[in-house]
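File shown: start_23.txt (compact mmCIF, N, CA and C atoms).
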# COMPACT_ATOMS: atom_id res chain seq x y z
N MET A 784 59.69 72.31 175.81
CA MET A 784 58.78 71.26 176.21
C MET A 784 58.82 71.05 177.73
N THR A 785 59.95 71.33 178.33
CA THR A 785 60.07 71.18 179.78
C THR A 785 59.11 72.12 180.50
N ALA A 786 59.01 73.36 180.02
CA ALA A 786 58.12 74.33 180.65
C ALA A 786 56.66 73.87 180.57
N LEU A 787 56.28 73.31 179.45
CA LEU A 787 54.92 72.80 179.29
C LEU A 787 54.66 71.67 180.27
N ARG A 788 55.58 70.73 180.35
CA ARG A 788 55.43 69.60 181.28
C ARG A 788 55.35 70.09 182.73
N GLU A 789 56.21 71.01 183.09
CA GLU A 789 56.19 71.55 184.46
C GLU A 789 54.91 72.32 184.74
N GLY A 790 54.43 73.06 183.74
CA GLY A 790 53.19 73.80 183.91
C GLY A 790 51.99 72.89 184.13
N VAL A 791 51.89 71.85 183.32
CA VAL A 791 50.78 70.90 183.46
C VAL A 791 50.88 70.14 184.78
N GLU A 792 52.08 69.79 185.18
CA GLU A 792 52.27 69.11 186.47
C GLU A 792 51.88 70.05 187.62
N GLY A 793 52.24 71.33 187.50
CA GLY A 793 51.85 72.30 188.52
C GLY A 793 50.34 72.43 188.63
N VAL A 794 49.67 72.42 187.50
CA VAL A 794 48.20 72.47 187.50
C VAL A 794 47.63 71.25 188.20
N ARG A 795 48.22 70.08 187.94
CA ARG A 795 47.74 68.85 188.58
C ARG A 795 47.82 68.96 190.10
N VAL A 796 48.92 69.46 190.60
CA VAL A 796 49.11 69.62 192.04
C VAL A 796 48.10 70.62 192.60
N GLN A 797 47.94 71.76 191.93
CA GLN A 797 46.98 72.77 192.39
C GLN A 797 45.55 72.23 192.36
N ARG A 798 45.23 71.46 191.32
CA ARG A 798 43.90 70.87 191.20
C ARG A 798 43.61 69.95 192.38
N LEU A 799 44.58 69.14 192.76
CA LEU A 799 44.40 68.23 193.89
C LEU A 799 44.21 68.99 195.19
N HIS A 800 44.99 70.05 195.40
CA HIS A 800 44.85 70.87 196.61
C HIS A 800 43.49 71.57 196.65
N ALA A 801 42.99 71.97 195.50
CA ALA A 801 41.71 72.67 195.42
C ALA A 801 40.53 71.70 195.35
N ASP A 802 40.81 70.40 195.27
CA ASP A 802 39.78 69.36 195.18
C ASP A 802 38.85 69.60 193.99
N LEU A 803 39.47 69.85 192.84
CA LEU A 803 38.72 70.05 191.59
C LEU A 803 38.89 68.83 190.69
N PRO A 804 37.92 68.55 189.82
CA PRO A 804 38.00 67.35 188.99
C PRO A 804 39.06 67.41 187.89
N TYR A 805 39.42 68.60 187.43
CA TYR A 805 40.43 68.76 186.39
C TYR A 805 40.96 70.19 186.43
N GLY A 806 42.06 70.39 185.76
CA GLY A 806 42.65 71.72 185.68
C GLY A 806 43.30 71.89 184.33
N ALA A 807 43.64 73.11 183.99
CA ALA A 807 44.26 73.39 182.70
C ALA A 807 45.31 74.48 182.86
N ALA A 808 46.37 74.37 182.08
CA ALA A 808 47.42 75.38 182.06
C ALA A 808 47.19 76.30 180.87
N VAL A 809 47.37 77.59 181.07
CA VAL A 809 47.32 78.55 179.97
C VAL A 809 48.76 78.84 179.57
N VAL A 810 49.07 78.57 178.31
CA VAL A 810 50.44 78.73 177.82
C VAL A 810 50.46 79.89 176.83
N LYS A 811 51.07 80.98 177.25
CA LYS A 811 51.17 82.18 176.42
C LYS A 811 52.28 82.01 175.41
N ARG A 812 51.97 82.30 174.17
CA ARG A 812 52.97 82.22 173.10
C ARG A 812 53.78 83.51 173.06
N ALA A 813 55.07 83.38 172.83
CA ALA A 813 55.95 84.54 172.78
C ALA A 813 55.53 85.48 171.65
N ARG A 814 55.51 86.77 171.97
CA ARG A 814 55.20 87.82 171.00
C ARG A 814 53.83 87.67 170.35
N LYS A 815 52.90 87.00 171.03
CA LYS A 815 51.53 86.85 170.53
C LYS A 815 50.57 87.41 171.57
N PRO A 816 49.41 87.89 171.15
CA PRO A 816 48.43 88.39 172.13
C PRO A 816 47.88 87.24 172.97
N VAL A 817 47.34 87.57 174.11
CA VAL A 817 46.84 86.57 175.05
C VAL A 817 45.78 85.68 174.39
N GLU A 818 44.94 86.25 173.54
CA GLU A 818 43.90 85.42 172.93
C GLU A 818 44.45 84.33 172.02
N ASP A 819 45.75 84.39 171.70
CA ASP A 819 46.39 83.33 170.92
C ASP A 819 47.11 82.30 171.80
N ALA A 820 46.93 82.40 173.10
CA ALA A 820 47.54 81.43 174.02
C ALA A 820 46.84 80.07 173.87
N TYR A 821 47.47 79.04 174.38
CA TYR A 821 46.91 77.70 174.37
C TYR A 821 46.42 77.33 175.76
N VAL A 822 45.37 76.54 175.83
CA VAL A 822 44.90 75.96 177.08
C VAL A 822 45.20 74.47 176.99
N VAL A 823 45.96 73.95 177.96
CA VAL A 823 46.45 72.58 177.89
C VAL A 823 46.02 71.82 179.14
N LEU A 824 45.52 70.60 178.95
CA LEU A 824 45.21 69.74 180.08
C LEU A 824 45.68 68.33 179.77
N ARG A 825 45.77 67.52 180.81
CA ARG A 825 46.19 66.13 180.64
C ARG A 825 45.15 65.38 179.82
N LEU A 826 45.62 64.50 178.95
CA LEU A 826 44.72 63.69 178.14
C LEU A 826 43.81 62.85 179.04
N GLY A 827 44.33 62.40 180.17
CA GLY A 827 43.54 61.62 181.11
C GLY A 827 42.38 62.40 181.71
N ASP A 828 42.47 63.73 181.76
CA ASP A 828 41.40 64.58 182.29
C ASP A 828 40.38 64.96 181.23
N PHE A 829 40.76 64.87 179.97
CA PHE A 829 39.89 65.34 178.89
C PHE A 829 38.56 64.58 178.80
N PRO A 830 38.53 63.25 178.86
CA PRO A 830 37.23 62.56 178.78
C PRO A 830 36.28 62.96 179.91
N ARG A 831 36.80 63.15 181.10
CA ARG A 831 35.95 63.57 182.23
C ARG A 831 35.38 64.96 181.97
N LEU A 832 36.19 65.86 181.44
CA LEU A 832 35.73 67.21 181.11
C LEU A 832 34.60 67.14 180.08
N VAL A 833 34.78 66.33 179.03
CA VAL A 833 33.75 66.20 178.00
C VAL A 833 32.48 65.61 178.59
N ARG A 834 32.60 64.55 179.39
CA ARG A 834 31.41 63.94 180.02
C ARG A 834 30.68 64.95 180.90
N ASP A 835 31.43 65.72 181.68
CA ASP A 835 30.81 66.71 182.56
C ASP A 835 30.10 67.80 181.75
N LEU A 836 30.69 68.23 180.66
CA LEU A 836 30.06 69.24 179.81
C LEU A 836 28.78 68.71 179.17
N ILE A 837 28.82 67.48 178.70
CA ILE A 837 27.63 66.87 178.10
C ILE A 837 26.53 66.73 179.14
N ALA A 838 26.90 66.28 180.33
CA ALA A 838 25.91 66.12 181.41
C ALA A 838 25.31 67.47 181.79
N ALA A 839 26.12 68.50 181.88
CA ALA A 839 25.63 69.83 182.24
C ALA A 839 24.70 70.37 181.14
N GLU A 840 25.06 70.11 179.90
CA GLU A 840 24.23 70.56 178.79
C GLU A 840 22.87 69.86 178.79
N SER A 841 22.86 68.58 179.08
CA SER A 841 21.58 67.84 179.10
C SER A 841 20.70 68.28 180.27
N ARG A 842 21.28 68.74 181.35
CA ARG A 842 20.49 69.25 182.47
C ARG A 842 19.85 70.59 182.13
N ASP A 843 20.49 71.36 181.25
CA ASP A 843 19.98 72.68 180.87
C ASP A 843 18.82 72.60 179.88
N VAL A 844 18.64 71.46 179.27
CA VAL A 844 17.59 71.33 178.23
C VAL A 844 16.24 71.22 178.86
Please go through the file and, once you have read it, give me the structure as structure tokens.
Amino acid sequence: MTALREGVEGVRVQRLHADLPYGAAVVKRARKPVEDAYVVLRLGDFPRLVRDLIAAESRDV
């Protein structure tokens, strides 16, 4: 669990330096192919991501 916490915290720092609205960590599972990895982001960033996706989708219509 420590690695997950450190990974998500690292993404937060990189996101701030890159001036991006949110970021996500890719967590590779041991002995599993890459397509079985997890993408993890802070719960506080998730609503903004969903709102941005909905807004982008409505602009495409």
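Proximity to Val809 in chain A was assessed for A:Val833, A:Ala839, A:Met784, A:Val822 counting only N, CA and C atoms; the smallest distance is recorded for A:Val822.
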To test your reading of the structure, identify every residue in chain A that backbone DSSP assigns to alpha helix (DSSP H), and report it as an MDAnalysis selection string. chainID A and resid 785:801 829:843
Padded axis-aligned box of range 798-806 of chain A (4 Å per side), centre and edge lengths, Å, one decimal, as AutoDock Vina command-line options:
--center_x 41.6 --center_y 70.0 --center_z 190.5 --size_x 15.3 --size_y 13.3 --size_z 20.3
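Note that CA of Val823 in chain A and CA of Ala801 in chain A are 18.2 Å apart.
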Residue contacts of Arg795 in chain A (12 Å, only C-alpha atoms) excluding same-chain residues fewer than 6 positions away, as a ChimeraX atom specification: /A:788-789,801-808,823-825,827-828
Find the spatial neighbours of Ala820 in chain A, counting only N, CA and C atoms, within a cut-off of 6.5 Å - ignore same-chain residues fewer than 3 positions away - and output them as a VMD selection string. chain A and resid 809 to 812 815 to 817
I need the residues in chain A that are strand (DSSP E) according to DSSP; give them as a PyMOL selection string. chain A and resi 808-810+821-823
Could range 815-826 of chain A be completed with all heavy atoms and returned as a PDB file, in the coordinates of the input?
ATOM      1  N   LYS A 815      52.900  87.000 171.030  1.00  0.00           N
ATOM      2  CA  LYS A 815      51.530  86.850 170.530  1.00  0.00           C
ATOM      3  C   LYS A 815      50.570  87.410 171.570  1.00  0.00           C
ATOM      4  O   LYS A 815      50.867  87.407 172.765  1.00  0.00           O
ATOM      5  CB  LYS A 815      51.187  85.367 170.297  1.00  0.00           C
ATOM      6  CG  LYS A 815      52.032  84.681 169.254  1.00  0.00           C
ATOM      7  CD  LYS A 815      51.589  85.101 167.877  1.00  0.00           C
ATOM      8  CE  LYS A 815      52.368  84.332 166.820  1.00  0.00           C
ATOM      9  NZ  LYS A 815      51.946  84.670 165.488  1.00  0.00           N
ATOM     10  N   PRO A 816      49.410  87.890 171.150  1.00  0.00           N
ATOM     11  CA  PRO A 816      48.430  88.390 172.130  1.00  0.00           C
ATOM     12  C   PRO A 816      47.880  87.240 172.970  1.00  0.00           C
ATOM     13  O   PRO A 816      47.942  86.072 172.572  1.00  0.00           O
ATOM     14  CB  PRO A 816      47.339  89.022 171.269  1.00  0.00           C
ATOM     15  CG  PRO A 816      47.527  88.476 169.902  1.00  0.00           C
ATOM     16  CD  PRO A 816      48.959  88.067 169.778  1.00  0.00           C
ATOM     17  N   VAL A 817      47.340  87.570 174.110  1.00  0.00           N
ATOM     18  CA  VAL A 817      46.840  86.570 175.050  1.00  0.00           C
ATOM     19  C   VAL A 817      45.780  85.680 174.390  1.00  0.00           C
ATOM     20  O   VAL A 817      45.738  84.471 174.648  1.00  0.00           O
ATOM     21  CB  VAL A 817      46.274  87.255 176.320  1.00  0.00           C
ATOM     22  CG1 VAL A 817      45.585  86.252 177.222  1.00  0.00           C
ATOM     23  CG2 VAL A 817      47.385  87.961 177.065  1.00  0.00           C
ATOM     24  N   GLU A 818      44.940  86.250 173.540  1.00  0.00           N
ATOM     25  CA  GLU A 818      43.900  85.420 172.930  1.00  0.00           C
ATOM     26  C   GLU A 818      44.450  84.330 172.020  1.00  0.00           C
ATOM     27  O   GLU A 818      43.735  83.413 171.637  1.00  0.00           O
ATOM     28  CB  GLU A 818      42.865  86.276 172.188  1.00  0.00           C
ATOM     29  CG  GLU A 818      43.427  87.098 171.059  1.00  0.00           C
ATOM     30  CD  GLU A 818      43.765  88.520 171.457  1.00  0.00           C
ATOM     31  OE1 GLU A 818      43.854  88.822 172.657  1.00  0.00           O
ATOM     32  OE2 GLU A 818      43.952  89.338 170.554  1.00  0.00           O
ATOM     33  N   ASP A 819      45.750  84.390 171.700  1.00  0.00           N
ATOM     34  CA  ASP A 819      46.390  83.330 170.920  1.00  0.00           C
ATOM     35  C   ASP A 819      47.110  82.300 171.800  1.00  0.00           C
ATOM     36  O   ASP A 819      47.816  81.437 171.281  1.00  0.00           O
ATOM     37  CB  ASP A 819      47.389  83.938 169.932  1.00  0.00           C
ATOM     38  CG  ASP A 819      46.704  84.659 168.789  1.00  0.00           C
ATOM     39  OD1 ASP A 819      45.515  84.374 168.522  1.00  0.00           O
ATOM     40  OD2 ASP A 819      47.355  85.525 168.158  1.00  0.00           O
ATOM     41  N   ALA A 820      46.930  82.400 173.100  1.00  0.00           N
ATOM     42  CA  ALA A 820      47.540  81.430 174.020  1.00  0.00           C
ATOM     43  C   ALA A 820      46.840  80.070 173.870  1.00  0.00           C
ATOM     44  O   ALA A 820      45.745  79.979 173.303  1.00  0.00           O
ATOM     45  CB  ALA A 820      47.414  81.923 175.463  1.00  0.00           C
ATOM     46  N   TYR A 821      47.470  79.040 174.380  1.00  0.00           N
ATOM     47  CA  TYR A 821      46.910  77.700 174.370  1.00  0.00           C
ATOM     48  C   TYR A 821      46.420  77.330 175.760  1.00  0.00           C
ATOM     49  O   TYR A 821      47.007  77.746 176.765  1.00  0.00           O
ATOM     50  CB  TYR A 821      47.958  76.665 173.946  1.00  0.00           C
ATOM     51  CG  TYR A 821      48.455  76.840 172.535  1.00  0.00           C
ATOM     52  CD1 TYR A 821      49.769  77.212 172.296  1.00  0.00           C
ATOM     53  CD2 TYR A 821      47.621  76.637 171.450  1.00  0.00           C
ATOM     54  CE1 TYR A 821      50.242  77.368 171.008  1.00  0.00           C
ATOM     55  CE2 TYR A 821      48.084  76.799 170.159  1.00  0.00           C
ATOM     56  CZ  TYR A 821      49.392  77.157 169.937  1.00  0.00           C
ATOM     57  OH  TYR A 821      49.853  77.319 168.664  1.00  0.00           O
ATOM     58  N   VAL A 822      45.370  76.540 175.830  1.00  0.00           N
ATOM     59  CA  VAL A 822      44.900  75.960 177.080  1.00  0.00           C
ATOM     60  C   VAL A 822      45.200  74.470 176.990  1.00  0.00           C
ATOM     61  O   VAL A 822      44.759  73.799 176.052  1.00  0.00           O
ATOM     62  CB  VAL A 822      43.395  76.209 177.297  1.00  0.00           C
ATOM     63  CG1 VAL A 822      42.918  75.532 178.558  1.00  0.00           C
ATOM     64  CG2 VAL A 822      43.121  77.700 177.349  1.00  0.00           C
ATOM     65  N   VAL A 823      45.960  73.950 177.960  1.00  0.00           N
ATOM     66  CA  VAL A 823      46.450  72.580 177.890  1.00  0.00           C
ATOM     67  C   VAL A 823      46.020  71.820 179.140  1.00  0.00           C
ATOM     68  O   VAL A 823      46.099  72.339 180.251  1.00  0.00           O
ATOM     69  CB  VAL A 823      48.004  72.564 177.819  1.00  0.00           C
ATOM     70  CG1 VAL A 823      48.526  71.157 177.666  1.00  0.00           C
ATOM     71  CG2 VAL A 823      48.492  73.458 176.704  1.00  0.00           C
ATOM     72  N   LEU A 824      45.520  70.600 178.950  1.00  0.00           N
ATOM     73  CA  LEU A 824      45.210  69.740 180.080  1.00  0.00           C
ATOM     74  C   LEU A 824      45.680  68.330 179.770  1.00  0.00           C
ATOM     75  O   LEU A 824      45.938  67.992 178.610  1.00  0.00           O
ATOM     76  CB  LEU A 824      43.720  69.764 180.427  1.00  0.00           C
ATOM     77  CG  LEU A 824      42.750  69.142 179.437  1.00  0.00           C
ATOM     78  CD1 LEU A 824      41.549  68.604 180.210  1.00  0.00           C
ATOM     79  CD2 LEU A 824      42.280  70.179 178.450  1.00  0.00           C
ATOM     80  N   ARG A 825      45.770  67.520 180.810  1.00  0.00           N
ATOM     81  CA  ARG A 825      46.190  66.130 180.640  1.00  0.00           C
ATOM     82  C   ARG A 825      45.150  65.380 179.820  1.00  0.00           C
ATOM     83  O   ARG A 825      43.952  65.597 179.963  1.00  0.00           O
ATOM     84  CB  ARG A 825      46.330  65.449 181.990  1.00  0.00           C
ATOM     85  CG  ARG A 825      47.485  65.951 182.834  1.00  0.00           C
ATOM     86  CD  ARG A 825      47.566  65.211 184.172  1.00  0.00           C
ATOM     87  NE  ARG A 825      47.598  63.770 183.996  1.00  0.00           N
ATOM     88  CZ  ARG A 825      46.599  62.937 184.323  1.00  0.00           C
ATOM     89  NH1 ARG A 825      45.507  63.381 184.863  1.00  0.00           N
ATOM     90  NH2 ARG A 825      46.718  61.640 184.119  1.00  0.00           N
ATOM     91  N   LEU A 826      45.620  64.500 178.950  1.00  0.00           N
ATOM     92  CA  LEU A 826      44.720  63.690 178.140  1.00  0.00           C
ATOM     93  C   LEU A 826      43.810  62.850 179.040  1.00  0.00           C
ATOM     94  O   LEU A 826      42.637  62.652 178.731  1.00  0.00           O
ATOM     95  CB  LEU A 826      45.514  62.786 177.190  1.00  0.00           C
ATOM     96  CG  LEU A 826      44.690  61.920 176.248  1.00  0.00           C
ATOM     97  CD1 LEU A 826      43.775  62.774 175.384  1.00  0.00           C
ATOM     98  CD2 LEU A 826      45.611  61.074 175.391  1.00  0.00           C
TER      99      LEU A 826
END
